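Here is the file final-v5.csv (CSV, C-alpha atoms).
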chain,number,residue,atom,x,y,z
A,1,MET,CA,166.7,37.6,107.8
A,2,SER,CA,165.7,35.4,104.9
A,3,SER,CA,162.3,33.7,104.8
A,4,PRO,CA,161.8,31.3,107.7
A,5,PRO,CA,162.5,27.6,107.3
A,6,GLN,CA,159.6,25.6,106.2
A,7,HIS,CA,161.0,22.2,107.0
A,8,VAL,CA,163.5,21.0,109.7
A,9,SER,CA,164.4,17.5,110.6
A,10,ALA,CA,166.8,15.7,112.9
A,11,GLN,CA,167.6,12.3,114.3
A,12,ILE,CA,169.2,10.9,117.4
A,13,PRO,CA,170.1,7.5,118.8
A,14,ALA,CA,167.0,5.9,120.3
A,15,ARG,CA,167.9,6.6,123.9
A,16,ALA,CA,166.1,8.6,126.5
A,17,GLU,CA,169.2,10.7,127.3
A,18,PHE,CA,169.2,12.2,123.8
A,19,VAL,CA,165.5,13.1,123.7
A,20,HIS,CA,166.3,16.7,124.9
A,21,VAL,CA,168.1,17.3,121.6
A,22,LEU,CA,164.9,16.6,119.6
A,23,ARG,CA,163.0,18.8,122.0
A,24,SER,CA,165.4,21.7,121.3
A,25,VAL,CA,165.4,21.2,117.6
A,26,VAL,CA,161.6,21.3,117.5
A,27,ALA,CA,161.4,24.3,119.8
A,28,SER,CA,164.0,26.2,117.7
A,29,ALA,CA,162.3,25.4,114.4
A,30,ALA,CA,158.9,26.2,115.9
A,31,ALA,CA,160.1,29.6,117.1
A,32,HIS,CA,161.4,30.4,113.6
A,33,MET,CA,158.1,29.3,112.2
A,34,ASN,CA,156.4,31.9,114.3
A,35,LEU,CA,154.6,29.7,116.8
A,36,SER,CA,153.6,31.3,120.1
A,37,VAL,CA,155.5,30.5,123.3
A,38,ASP,CA,152.6,28.5,124.5
A,39,SER,CA,152.6,26.3,121.4
A,40,ILE,CA,156.4,25.9,121.6
A,41,ASP,CA,156.3,24.8,125.1
A,42,ASP,CA,153.4,22.4,124.4
A,43,LEU,CA,155.4,21.0,121.5
A,44,ARG,CA,158.3,20.4,123.8
A,45,LEU,CA,156.0,18.4,126.2
A,46,SER,CA,154.6,16.6,123.2
A,47,VAL,CA,158.0,15.5,121.9
A,48,ASP,CA,158.8,14.2,125.4
A,49,GLU,CA,155.6,12.2,125.5
A,50,ALA,CA,155.9,10.9,121.9
A,51,CYS,CA,159.5,9.8,122.4
A,52,ALA,CA,158.6,8.1,125.7
A,53,GLN,CA,155.8,6.1,123.9
A,54,LEU,CA,158.0,5.2,120.9
A,55,LEU,CA,160.9,4.1,123.1
A,56,LYS,CA,158.5,1.9,125.0
A,57,ALA,CA,156.8,0.5,122.0
A,58,ALA,CA,159.9,-0.1,119.9
A,59,PRO,CA,162.6,-1.3,122.3
A,60,GLY,CA,164.7,-2.5,119.4
A,61,ALA,CA,164.8,0.9,117.6
A,62,SER,CA,168.2,2.4,116.9
A,63,MET,CA,167.1,5.9,115.9
A,64,LEU,CA,164.4,8.5,116.8
A,65,ALA,CA,163.7,11.1,114.3
A,66,VAL,CA,161.7,14.3,114.3
A,67,SER,CA,160.5,16.4,111.4
A,68,ILE,CA,158.6,19.6,111.6
A,69,ALA,CA,157.1,21.4,108.6
A,70,ARG,CA,154.9,24.4,108.1
A,71,THR,CA,152.3,24.9,105.5
A,72,GLY,CA,150.4,28.1,105.7
A,73,LEU,CA,149.6,28.4,109.4
A,74,ASP,CA,149.5,24.6,109.8
A,75,VAL,CA,152.5,23.1,111.6
A,76,GLN,CA,153.0,19.3,111.3
A,77,VAL,CA,155.4,17.5,113.6
A,78,GLU,CA,156.3,13.8,113.2
A,79,VAL,CA,158.2,11.9,115.7
A,80,SER,CA,159.2,8.4,114.6
A,81,ALA,CA,161.4,5.4,115.5
A,82,ASP,CA,163.1,3.0,113.1
A,83,GLY,CA,162.4,-0.3,114.9
A,84,ASP,CA,159.6,-2.8,115.0
A,85,ALA,CA,156.7,-1.9,117.2
A,86,ASP,CA,154.2,-4.5,117.8
A,87,PRO,CA,151.4,-3.7,118.1
A,88,TRP,CA,151.4,-0.1,116.8
A,89,PRO,CA,149.4,1.8,117.7
A,90,PRO,CA,149.6,0.2,121.2
A,91,GLU,CA,146.4,-1.6,122.2
A,92,ARG,CA,143.7,0.8,123.5
A,93,HIS,CA,146.1,3.6,122.9
A,94,ASP,CA,143.3,6.1,122.5
A,95,ARG,CA,142.4,5.4,126.2
A,96,SER,CA,145.9,5.9,127.5
A,97,LEU,CA,147.3,8.8,129.4
A,98,ALA,CA,149.8,9.4,126.6
A,99,TRP,CA,146.9,9.9,124.2
A,100,GLN,CA,145.1,12.3,126.5
A,101,VAL,CA,148.3,14.3,127.0
A,102,LEU,CA,149.2,14.4,123.3
A,103,SER,CA,145.7,15.3,122.1
A,104,GLY,CA,145.4,17.9,124.9
A,105,LEU,CA,148.7,19.5,123.8
A,106,SER,CA,148.0,19.7,120.0
A,107,ASP,CA,145.2,20.3,117.6
A,108,GLU,CA,145.3,16.8,116.3
A,109,VAL,CA,147.3,13.6,117.0
A,110,THR,CA,147.6,10.3,115.1
A,111,PHE,CA,149.6,7.2,115.7
A,112,GLU,CA,150.8,6.0,112.3
A,113,ARG,CA,153.4,3.8,110.6
A,114,SER,CA,155.9,5.8,108.7
A,115,PRO,CA,158.1,4.1,106.1
A,116,SER,CA,160.8,3.5,108.8
A,117,GLY,CA,158.6,2.4,111.6
A,118,PRO,CA,156.1,3.7,114.3
A,119,ALA,CA,155.4,7.4,114.3
A,120,VAL,CA,153.4,9.9,116.2
A,121,ARG,CA,152.1,12.8,114.1
A,122,LEU,CA,150.9,16.1,115.6
A,123,ARG,CA,149.4,19.1,114.2
A,124,THR,CA,149.5,22.6,115.7
A,125,HIS,CA,149.5,26.1,114.3
A,126,ALA,CA,151.5,29.3,114.0
A,127,VAL,CA,150.1,32.6,115.0
A,128,LEU,CA,148.3,34.6,112.4
A,129,GLU,CA,150.2,37.9,112.6
A,130,GLU,CA,153.5,37.6,110.8
A,131,LEU,CA,156.2,39.7,112.2
A,132,GLU,CA,158.4,41.9,110.0
A,133,ARG,CA,161.7,40.2,110.1
B,1,MET,CA,160.6,42.6,180.2
B,2,SER,CA,163.9,41.2,181.1
B,3,LEU,CA,164.9,37.6,180.5
B,4,ARG,CA,166.9,35.5,182.8
B,5,PRO,CA,169.7,34.1,180.6
B,6,GLU,CA,169.2,30.6,182.0
B,7,ALA,CA,165.5,30.6,181.0
B,8,SER,CA,164.7,27.2,179.4
B,9,ASP,CA,163.2,26.9,176.0
B,10,ALA,CA,160.0,25.7,177.6
B,11,GLU,CA,159.8,28.9,179.7
B,12,LEU,CA,160.4,31.0,176.7
B,13,PHE,CA,157.7,29.3,174.7
B,14,ALA,CA,155.3,29.7,177.6
B,15,ARG,CA,155.9,33.5,177.5
B,16,LEU,CA,155.1,33.8,173.8
B,17,PRO,CA,153.9,36.0,172.0
B,18,ASP,CA,156.3,38.1,174.2
B,19,GLU,CA,158.8,39.7,171.7
B,20,ALA,CA,161.8,39.3,173.9
B,21,ALA,CA,161.1,35.6,174.4
B,22,ARG,CA,160.6,35.2,170.7
B,23,GLU,CA,163.9,37.0,170.0
B,24,GLU,CA,165.8,34.8,172.4
B,25,LEU,CA,164.4,31.7,170.8
B,26,LEU,CA,165.4,33.0,167.4
B,27,ILE,CA,168.9,33.6,168.6
B,28,ARG,CA,169.3,30.3,170.2
B,29,ASN,CA,168.1,28.4,167.2
B,30,LYS,CA,169.7,30.4,164.5
B,31,PRO,CA,172.7,28.0,164.2
B,32,LEU,CA,170.3,25.2,163.4
B,33,ALA,CA,168.7,27.3,160.6
B,34,ASP,CA,172.1,28.3,159.2
B,35,TYR,CA,173.3,24.7,159.3
B,36,LEU,CA,170.3,23.5,157.4
B,37,ALA,CA,170.6,26.3,154.8
B,38,ARG,CA,174.3,25.4,154.3
B,39,ARG,CA,173.3,21.8,153.6
B,40,PHE,CA,171.1,23.0,150.7
B,41,SER,CA,173.6,25.4,149.2
B,42,GLY,CA,175.9,24.3,146.5
B,43,ARG,CA,173.0,23.7,144.2
B,44,GLY,CA,173.5,26.9,142.3
B,45,GLU,CA,171.5,28.8,144.8
B,46,HIS,CA,172.8,31.9,146.6
B,47,ALA,CA,173.8,31.0,150.1
B,48,GLU,CA,172.2,34.3,151.5
B,49,ASP,CA,168.9,33.5,149.9
B,50,LEU,CA,168.8,30.1,151.5
B,51,ALA,CA,169.9,31.5,154.9
B,52,GLN,CA,167.0,34.0,154.6
B,53,VAL,CA,164.5,31.3,153.7
B,54,ALA,CA,165.7,29.2,156.6
B,55,SER,CA,165.4,32.2,159.1
B,56,MET,CA,161.9,32.9,158.0
B,57,ALA,CA,161.0,29.2,158.4
B,58,LEU,CA,162.6,29.3,161.9
B,59,LEU,CA,160.4,32.2,162.9
B,60,LYS,CA,157.4,30.3,161.5
B,61,SER,CA,158.2,27.3,163.5
B,62,ILE,CA,158.6,29.3,166.7
B,63,ASP,CA,155.2,30.8,166.2
B,64,ARG,CA,153.6,27.5,165.4
B,65,PHE,CA,155.3,25.2,167.9
B,66,GLU,CA,152.9,23.6,170.4
B,67,PRO,CA,155.0,22.7,173.5
B,68,GLU,CA,152.3,20.5,174.8
B,69,ARG,CA,152.8,18.1,171.9
B,70,GLU,CA,155.6,15.7,172.8
B,71,VAL,CA,158.0,16.8,170.1
B,72,GLN,CA,161.3,18.5,170.6
B,73,PHE,CA,161.3,22.0,169.2
B,74,SER,CA,164.5,21.2,167.2
B,75,THR,CA,162.8,18.3,165.5
B,76,PHE,CA,159.7,20.4,164.6
B,77,ALA,CA,161.9,23.3,163.4
B,78,THR,CA,164.1,21.0,161.3
B,79,VAL,CA,161.1,19.6,159.5
B,80,THR,CA,159.6,23.0,158.9
B,81,ILE,CA,162.9,24.6,157.7
B,82,VAL,CA,163.8,21.7,155.4
B,83,GLY,CA,160.3,21.8,153.9
B,84,GLU,CA,160.6,25.5,153.2
B,85,LEU,CA,164.1,25.2,151.7
B,86,LYS,CA,162.9,22.4,149.4
B,87,ARG,CA,159.9,24.3,148.4
B,88,HIS,CA,162.0,27.4,147.7
B,89,LEU,CA,164.4,25.4,145.5
B,90,ARG,CA,161.5,23.8,143.7
B,91,ASP,CA,159.6,27.0,143.1
B,92,ARG,CA,162.7,28.7,141.9
B,93,GLY,CA,163.5,25.7,139.9
B,94,TRP,CA,167.1,26.4,139.8
B,95,ALA,CA,168.1,23.2,141.5
B,96,VAL,CA,169.6,22.0,138.3
B,97,ARG,CA,172.3,24.6,138.2
B,98,VAL,CA,171.0,26.9,135.5
B,99,PRO,CA,173.9,29.3,134.7
B,100,ARG,CA,173.5,32.7,136.1
B,101,ARG,CA,173.3,34.3,132.7
B,102,LEU,CA,170.3,32.2,131.7
B,103,GLN,CA,168.6,32.8,135.0
B,104,GLU,CA,168.8,36.5,134.4
B,105,LEU,CA,167.6,36.1,130.8
B,106,GLY,CA,164.8,33.9,132.1
B,107,LEU,CA,163.7,36.6,134.5
B,108,ARG,CA,163.6,39.2,131.8
B,109,VAL,CA,161.7,36.9,129.4
B,110,GLY,CA,159.3,35.9,132.1
B,111,LYS,CA,158.5,39.5,132.8
B,112,VAL,CA,157.8,40.4,129.2
B,113,VAL,CA,155.6,37.5,128.2
B,114,PRO,CA,152.5,38.6,130.3
B,115,GLU,CA,152.9,42.2,129.1
B,116,LEU,CA,153.0,41.1,125.4
B,117,ALA,CA,150.2,38.6,126.0
B,118,GLN,CA,148.0,41.4,127.3
B,119,GLU,CA,148.8,43.7,124.4
B,120,LEU,CA,148.4,41.0,121.7
B,121,ARG,CA,145.6,39.1,123.4
B,122,ARG,CA,147.4,35.9,122.6
B,123,ALA,CA,150.7,34.4,123.7
B,124,PRO,CA,153.7,36.1,122.1
B,125,THR,CA,156.1,34.5,119.6
B,126,VAL,CA,159.8,34.3,120.2
B,127,PRO,CA,160.6,37.0,117.7
B,128,GLU,CA,158.2,39.3,119.5
B,129,ILE,CA,159.8,38.6,122.8
B,130,ALA,CA,163.3,39.1,121.3
B,131,LYS,CA,162.3,42.5,119.8
B,132,ARG,CA,160.7,43.7,123.1
B,133,THR,CA,163.6,42.6,125.4
B,134,GLY,CA,166.5,43.2,123.0
B,135,ILE,CA,167.7,39.7,123.7
B,136,SER,CA,168.5,37.5,120.7
B,137,GLU,CA,166.0,34.9,119.6
B,138,ASP,CA,168.4,32.2,120.4
B,139,ASP,CA,168.8,33.5,123.9
B,140,VAL,CA,165.1,33.7,124.4
B,141,LEU,CA,164.8,30.1,123.4
B,142,GLU,CA,167.6,29.0,125.6
B,143,ALA,CA,166.1,30.9,128.5
B,144,MET,CA,162.7,29.2,127.9
B,145,GLU,CA,164.4,25.9,127.7
B,146,ALA,CA,166.4,26.4,130.9
B,147,SER,CA,163.3,27.4,132.7
B,148,GLN,CA,161.6,24.1,131.8
B,149,ALA,CA,164.6,22.1,133.0
B,150,TYR,CA,164.4,20.2,136.2
B,151,ALA,CA,166.3,17.5,138.0
B,152,THR,CA,164.7,14.3,137.0
B,153,ASP,CA,166.1,12.4,139.9
B,154,SER,CA,164.6,14.7,142.4
B,155,LEU,CA,161.1,14.4,141.1
B,156,ASP,CA,159.7,12.1,143.8
B,157,ALA,CA,161.0,14.1,146.7
B,158,PRO,CA,159.4,17.5,145.9
B,159,MET,CA,156.2,16.0,144.6
B,160,SER,CA,155.5,14.1,147.9
B,161,ASP,CA,156.4,17.2,149.9
B,162,SER,CA,153.2,18.4,151.4
B,163,ASP,CA,154.4,22.0,151.5
B,164,GLY,CA,153.5,24.5,148.8
B,165,ARG,CA,149.9,23.4,148.5
B,166,LEU,CA,147.2,25.9,147.9
B,167,PRO,CA,144.8,26.4,150.7
B,168,ALA,CA,142.0,23.9,150.3
B,169,ASP,CA,139.4,26.6,149.8
B,170,ALA,CA,141.2,27.9,146.7
B,171,LEU,CA,140.4,24.7,144.9
B,172,GLY,CA,137.3,23.8,143.1
B,173,ALA,CA,135.7,20.4,143.5
B,174,GLU,CA,136.4,19.8,139.8
B,175,ASP,CA,140.0,18.9,140.7
B,176,MET,CA,138.9,15.8,142.4
B,177,ARG,CA,137.3,14.5,139.2
B,178,LEU,CA,140.6,14.3,137.3
B,179,GLU,CA,141.1,10.7,138.0
B,180,LEU,CA,137.7,9.8,136.8
B,181,MET,CA,138.6,10.8,133.3
B,182,GLU,CA,139.6,8.3,130.6
B,183,GLY,CA,143.3,7.8,130.5
B,184,TRP,CA,143.9,9.7,133.7
B,185,ALA,CA,142.4,6.9,135.8
B,186,SER,CA,145.5,4.8,135.1
B,187,VAL,CA,147.6,7.2,137.2
B,188,ALA,CA,145.0,7.9,139.9
B,189,PRO,CA,147.4,7.0,142.8
B,190,ALA,CA,150.1,9.3,141.4
B,191,LEU,CA,147.5,12.1,140.9
B,192,GLU,CA,146.6,11.8,144.5
B,193,ARG,CA,150.2,12.5,145.5
B,194,LEU,CA,150.4,15.7,143.4
B,195,PRO,CA,150.5,19.0,145.2
B,196,ALA,CA,147.2,20.8,144.7
B,197,ARG,CA,148.7,23.5,142.5
B,198,GLU,CA,150.2,21.0,140.1
B,199,LYS,CA,146.9,19.1,140.0
B,200,ARG,CA,145.0,22.3,139.3
B,201,ILE,CA,147.4,23.2,136.4
B,202,LEU,CA,146.8,19.8,134.9
B,203,TYR,CA,143.1,20.3,135.2
B,204,LEU,CA,143.1,23.7,133.6
B,205,ARG,CA,145.4,22.6,130.8
B,206,PHE,CA,143.8,19.3,129.9
B,207,PHE,CA,140.2,19.6,130.9
B,208,GLU,CA,139.5,23.2,130.5
B,209,ASP,CA,141.9,23.5,127.5
B,210,ARG,CA,143.4,26.7,128.9
B,211,THR,CA,146.7,27.9,127.5
B,212,GLN,CA,149.8,28.1,129.6
B,213,THR,CA,149.7,31.8,129.5
B,214,GLU,CA,146.1,31.9,130.8
B,215,ILE,CA,146.9,29.4,133.5
B,216,ALA,CA,149.9,31.5,134.6
B,217,GLU,CA,147.6,34.5,135.0
B,218,GLU,CA,145.0,32.6,136.9
B,219,ILE,CA,147.4,31.0,139.3
B,220,GLY,CA,149.7,34.0,139.6
B,221,ILE,CA,153.0,32.5,138.5
B,222,SER,CA,154.9,33.0,135.2
B,223,GLN,CA,154.2,31.1,132.0
B,224,MET,CA,157.6,29.6,132.2
B,225,HIS,CA,156.9,28.4,135.7
B,226,VAL,CA,153.6,26.8,134.5
B,227,SER,CA,155.6,25.2,131.7
B,228,ARG,CA,158.2,23.8,134.1
B,229,LEU,CA,155.5,22.5,136.5
B,230,LEU,CA,153.7,20.8,133.6
B,231,ALA,CA,156.9,19.2,132.3
B,232,GLN,CA,157.7,17.9,135.7
B,233,THR,CA,154.2,16.7,136.5
B,234,LEU,CA,153.8,14.8,133.2
B,235,SER,CA,157.2,13.2,133.6
B,236,PHE,CA,156.2,12.2,137.1
B,237,LEU,CA,152.9,10.7,135.9
B,238,ARG,CA,154.6,8.9,133.0
B,239,GLU,CA,156.7,7.0,135.5
B,240,HIS,CA,153.7,5.9,137.4
B,241,VAL,CA,151.4,4.8,134.6
B,242,GLY,CA,150.2,1.3,135.1
B,243,GLU,CA,150.5,1.3,138.9
B,244,LEU,CA,146.8,0.7,138.8
B,245,GLU,CA,146.1,-1.6,135.9
B,246,LEU,CA,142.5,-1.4,134.8
B,247,PRO,CA,140.8,-4.6,133.6

What would the structure in this file look like if it were written as structure tokens?
Amino acid sequence: MSSPPQHVSAQIPARAEFVHVLRSVVASAAAHMNLSVDSIDDLRLSVDEACAQLLKAAPGASMLAVSIARTGLDVQVEVSADGDADPWPPERHDRSLAWQVLSGLSDEVTFERSPSGPAVRLRTHAVLEELER
Amino acid sequence: MSLRPEASDAELFARLPDEAAREELLIRNKPLADYLARRFSGRGEHAEDLAQVASMALLKSIDRFEPEREVQFSTFATVTIVGELKRHLRDRGWAVRVPRRLQELGLRVGKVVPELAQELRRAPTVPEIAKRTGISEDDVLEAMEASQAYATDSLDAPMSDSDGRLPADALGAEDMRLELMEGWASVAPALERLPAREKRILYLRFFEDRTQTEIAEEIGISQMHVSRLLAQTLSFLREHVGELELP
């Protein structure tokens, strides 16, 4: 197999019933980036949570997008929507359950504004030992 | 000891723990158990498995029935059997009709994860699992995903089911503090409705920062099962955020 992908992205219509597609894309990319099964499953849960927050905060969004990139052992995941979210981050977001869940599941989480709209950015990591592929 | 065929249920219960009386009660009520098992089949679950679960639950209800309480045995048995069937379906998590092939892959992956975790002293990666099991990486992923699947519309039912709780003494007092933590307070009423095991998993994952693999080992279930319970629990909580608005 050639070297693993360093960047994968995908987008879906901004509707809850498509979220599972983003979840699968992230899981599949993460597996190829050599994340542990624990981190992969945590990422799946994080994508669910992030999408739920974005759908709630940006009801007018038409697209949800995800991008996952690996630099060294660092893995960055960004989930974003293309609509207006006001306010973003939501008020007192750092005291919300979503924040607790997201920060519990990843090494770092930030709510940001991407060029297209509101975004949730997560950082996690791949395992140190690289497998011969 | 011989039994008069016309002995009433009440007489039979009075003679427990006599084996012949127990056997007779079992035979008399077997149709009820079978009927209930059939009502739960057709969800991708083997009919024989369900019949077996229902029979065991029937035995349990015979042993636990207290005739002095003014409840019909059939009512008591129905509640017990339905509870056990639901619990079985939930624990197996196959209520969403996971294809047979994926169930089998899931079982194989589930077996290998703790082995590898022990050898590597960390959770394994997908390529490592693929290599060990001989299953392709895509299939490993698919099996993991299927094991995290659950029927969204059935969330409320199993969650409020009081069966499947850990004995109270297996729980630390720390579990009770979950709702006092920032963020989690907003779902305090929903947290209260969680089965003890799910609550404990939340606590271990989010307050003790334990990994899913570590939690699996501590609770004695597979990592995939932990993953599924977490997905289910978080989704359940998300639906109940804001029931208790804080000032």

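Between Ala57 (chain A) and the residues A:Leu43, A:Ala81, A:Ala16, A:Ala30, the shortest atom-to-atom distance, using all atoms listed in the file, involves A:Ala81.
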
Against chain A, which residues of chain B fall within 9 Å? For each one I want the closest pair of atoms and the distance in Å (one decimal), counting all atoms listed in the file, rows by chain and increasing residue number, as CSV.
residue,atom,partner,partner_atom,distance
B:Val113,CA,A:Val37,CA,8.5
B:Arg122,CA,A:Ser36,CA,8.1
B:Ala123,CA,A:Ser36,CA,5.6
B:Pro124,CA,A:Ser36,CA,5.2
B:Thr125,CA,A:Ser36,CA,4.1
B:Val126,CA,A:Ala31,CA,5.6
B:Pro127,CA,A:Asn34,CA,7.4
B:Glu128,CA,A:Leu131,CA,7.6
B:Glu137,CA,A:Ala31,CA,8.3
B:Asp138,CA,A:Ser28,CA,7.9
B:Leu141,CA,A:Ser28,CA,7.0
B:Glu142,CA,A:Ser24,CA,8.8
B:Met144,CA,A:Asp41,CA,8.3
B:Glu145,CA,A:Ser24,CA,7.7
B:Gln148,CA,A:Asp41,CA,8.6
B:Glu182,CA,A:Arg95,CA,6.0
B:Gly183,CA,A:Leu97,CA,4.3
B:Trp184,CA,A:Leu97,CA,5.6
B:Ala185,CA,A:Leu97,CA,8.3
B:Ser186,CA,A:Leu97,CA,7.2
B:Val187,CA,A:Leu97,CA,8.0
B:Arg205,CA,A:Gly104,CA,7.5
B:Phe206,CA,A:Gly104,CA,5.4
B:Phe207,CA,A:Gly104,CA,8.1
B:Asp209,CA,A:Gly104,CA,7.1
B:Thr211,CA,A:Asp38,CA,6.6
B:Gln212,CA,A:Asp38,CA,5.8
B:Thr213,CA,A:Asp38,CA,6.7
B:Gln223,CA,A:Asp38,CA,8.1
B:Met224,CA,A:Asp41,CA,8.7
B:Ser227,CA,A:Asp41,CA,6.6
B:Leu230,CA,A:Leu45,CA,8.1
B:Ala231,CA,A:Leu45,CA,6.2
B:Leu234,CA,A:Leu45,CA,8.2
B:Ser235,CA,A:Glu49,CA,8.3
B:Leu237,CA,A:Leu97,CA,8.8
B:Arg238,CA,A:Ala98,CA,8.0
B:Val241,CA,A:Leu97,CA,7.7

Practice item. Mind checking which residues fall within 12 Å of Tyr35 (chain B), counting only C-alpha atoms, ignoring those fewer than 6 positions away in the same chain, and posting them as a list of chain:residue names? Key: B:Asn29, B:Ser41, B:Ala47, B:Leu50, B:Ala51, B:Ala54, B:Ser55, B:Leu58, B:Thr78, B:Ile81, B:Val82, B:Leu85

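With all atoms listed in the file as the atoms that count, the residue of B:Leu89, B:Ala57, B:Leu120, B:Ile221 with the shortest distance to Ala77 (chain B) is B:Ala57.
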
Point to revise | Between CA of Pro5 (chain A) and CA of Ser67 (chain A), distance in Å (one decimal) | key: 12.1 Å

Exercise for review: Could you give me, as JSON, numbers by chain, the residues within 12 Å of Ser222 (chain B), counting only C-alpha atoms and dropping anything in the same chain fewer than 3 positions from it?
Suggested key: {"A": [38], "B": [91, 92, 106, 107, 108, 109, 110, 111, 112, 113, 114, 115, 117, 144, 147, 148, 212, 213, 214, 215, 216, 217, 218, 219, 225, 226, 227, 228, 229]}

Those same residues, written as an mmCIF file, in the coordinates of the input with C-alpha atoms?
data_model
loop_
_atom_site.group_PDB
_atom_site.id
_atom_site.type_symbol
_atom_site.label_atom_id
_atom_site.label_comp_id
_atom_site.auth_asym_id
_atom_site.auth_seq_id
_atom_site.Cartn_x
_atom_site.Cartn_y
_atom_site.Cartn_z
ATOM 1 C CA ASP A 38 152.600 28.500 124.500
ATOM 2 C CA ASP B 91 159.600 27.000 143.100
ATOM 3 C CA ARG B 92 162.700 28.700 141.900
ATOM 4 C CA GLY B 106 164.800 33.900 132.100
ATOM 5 C CA LEU B 107 163.700 36.600 134.500
ATOM 6 C CA ARG B 108 163.600 39.200 131.800
ATOM 7 C CA VAL B 109 161.700 36.900 129.400
ATOM 8 C CA GLY B 110 159.300 35.900 132.100
ATOM 9 C CA LYS B 111 158.500 39.500 132.800
ATOM 10 C CA VAL B 112 157.800 40.400 129.200
ATOM 11 C CA VAL B 113 155.600 37.500 128.200
ATOM 12 C CA PRO B 114 152.500 38.600 130.300
ATOM 13 C CA GLU B 115 152.900 42.200 129.100
ATOM 14 C CA ALA B 117 150.200 38.600 126.000
ATOM 15 C CA MET B 144 162.700 29.200 127.900
ATOM 16 C CA SER B 147 163.300 27.400 132.700
ATOM 17 C CA GLN B 148 161.600 24.100 131.800
ATOM 18 C CA GLN B 212 149.800 28.100 129.600
ATOM 19 C CA THR B 213 149.700 31.800 129.500
ATOM 20 C CA GLU B 214 146.100 31.900 130.800
ATOM 21 C CA ILE B 215 146.900 29.400 133.500
ATOM 22 C CA ALA B 216 149.900 31.500 134.600
ATOM 23 C CA GLU B 217 147.600 34.500 135.000
ATOM 24 C CA GLU B 218 145.000 32.600 136.900
ATOM 25 C CA ILE B 219 147.400 31.000 139.300
ATOM 26 C CA HIS B 225 156.900 28.400 135.700
ATOM 27 C CA VAL B 226 153.600 26.800 134.500
ATOM 28 C CA SER B 227 155.600 25.200 131.700
ATOM 29 C CA ARG B 228 158.200 23.800 134.100
ATOM 30 C CA LEU B 229 155.500 22.500 136.500
#

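Coordinates place CA of His240 (chain B) at a distance of 6.4 Å from CA of Ala190 (chain B).
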
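Picture a line from CA of Val120 (chain A) to CA of Trp88 (chain A); it runs 10.2 Å.
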
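The nearest approach to Ser62 (chain A) among the residues A:Gln6, A:Asp82, A:Gln76, A:Gly117, with all atoms listed in the file taken into account, belongs to A:Asp82.
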
Review point. Which is closer to Val47 (chain A) than all the others in A:Asp107, A:Asp84, A:Glu17, A:Glu78, using all atoms listed in the file?
Key: A:Glu78
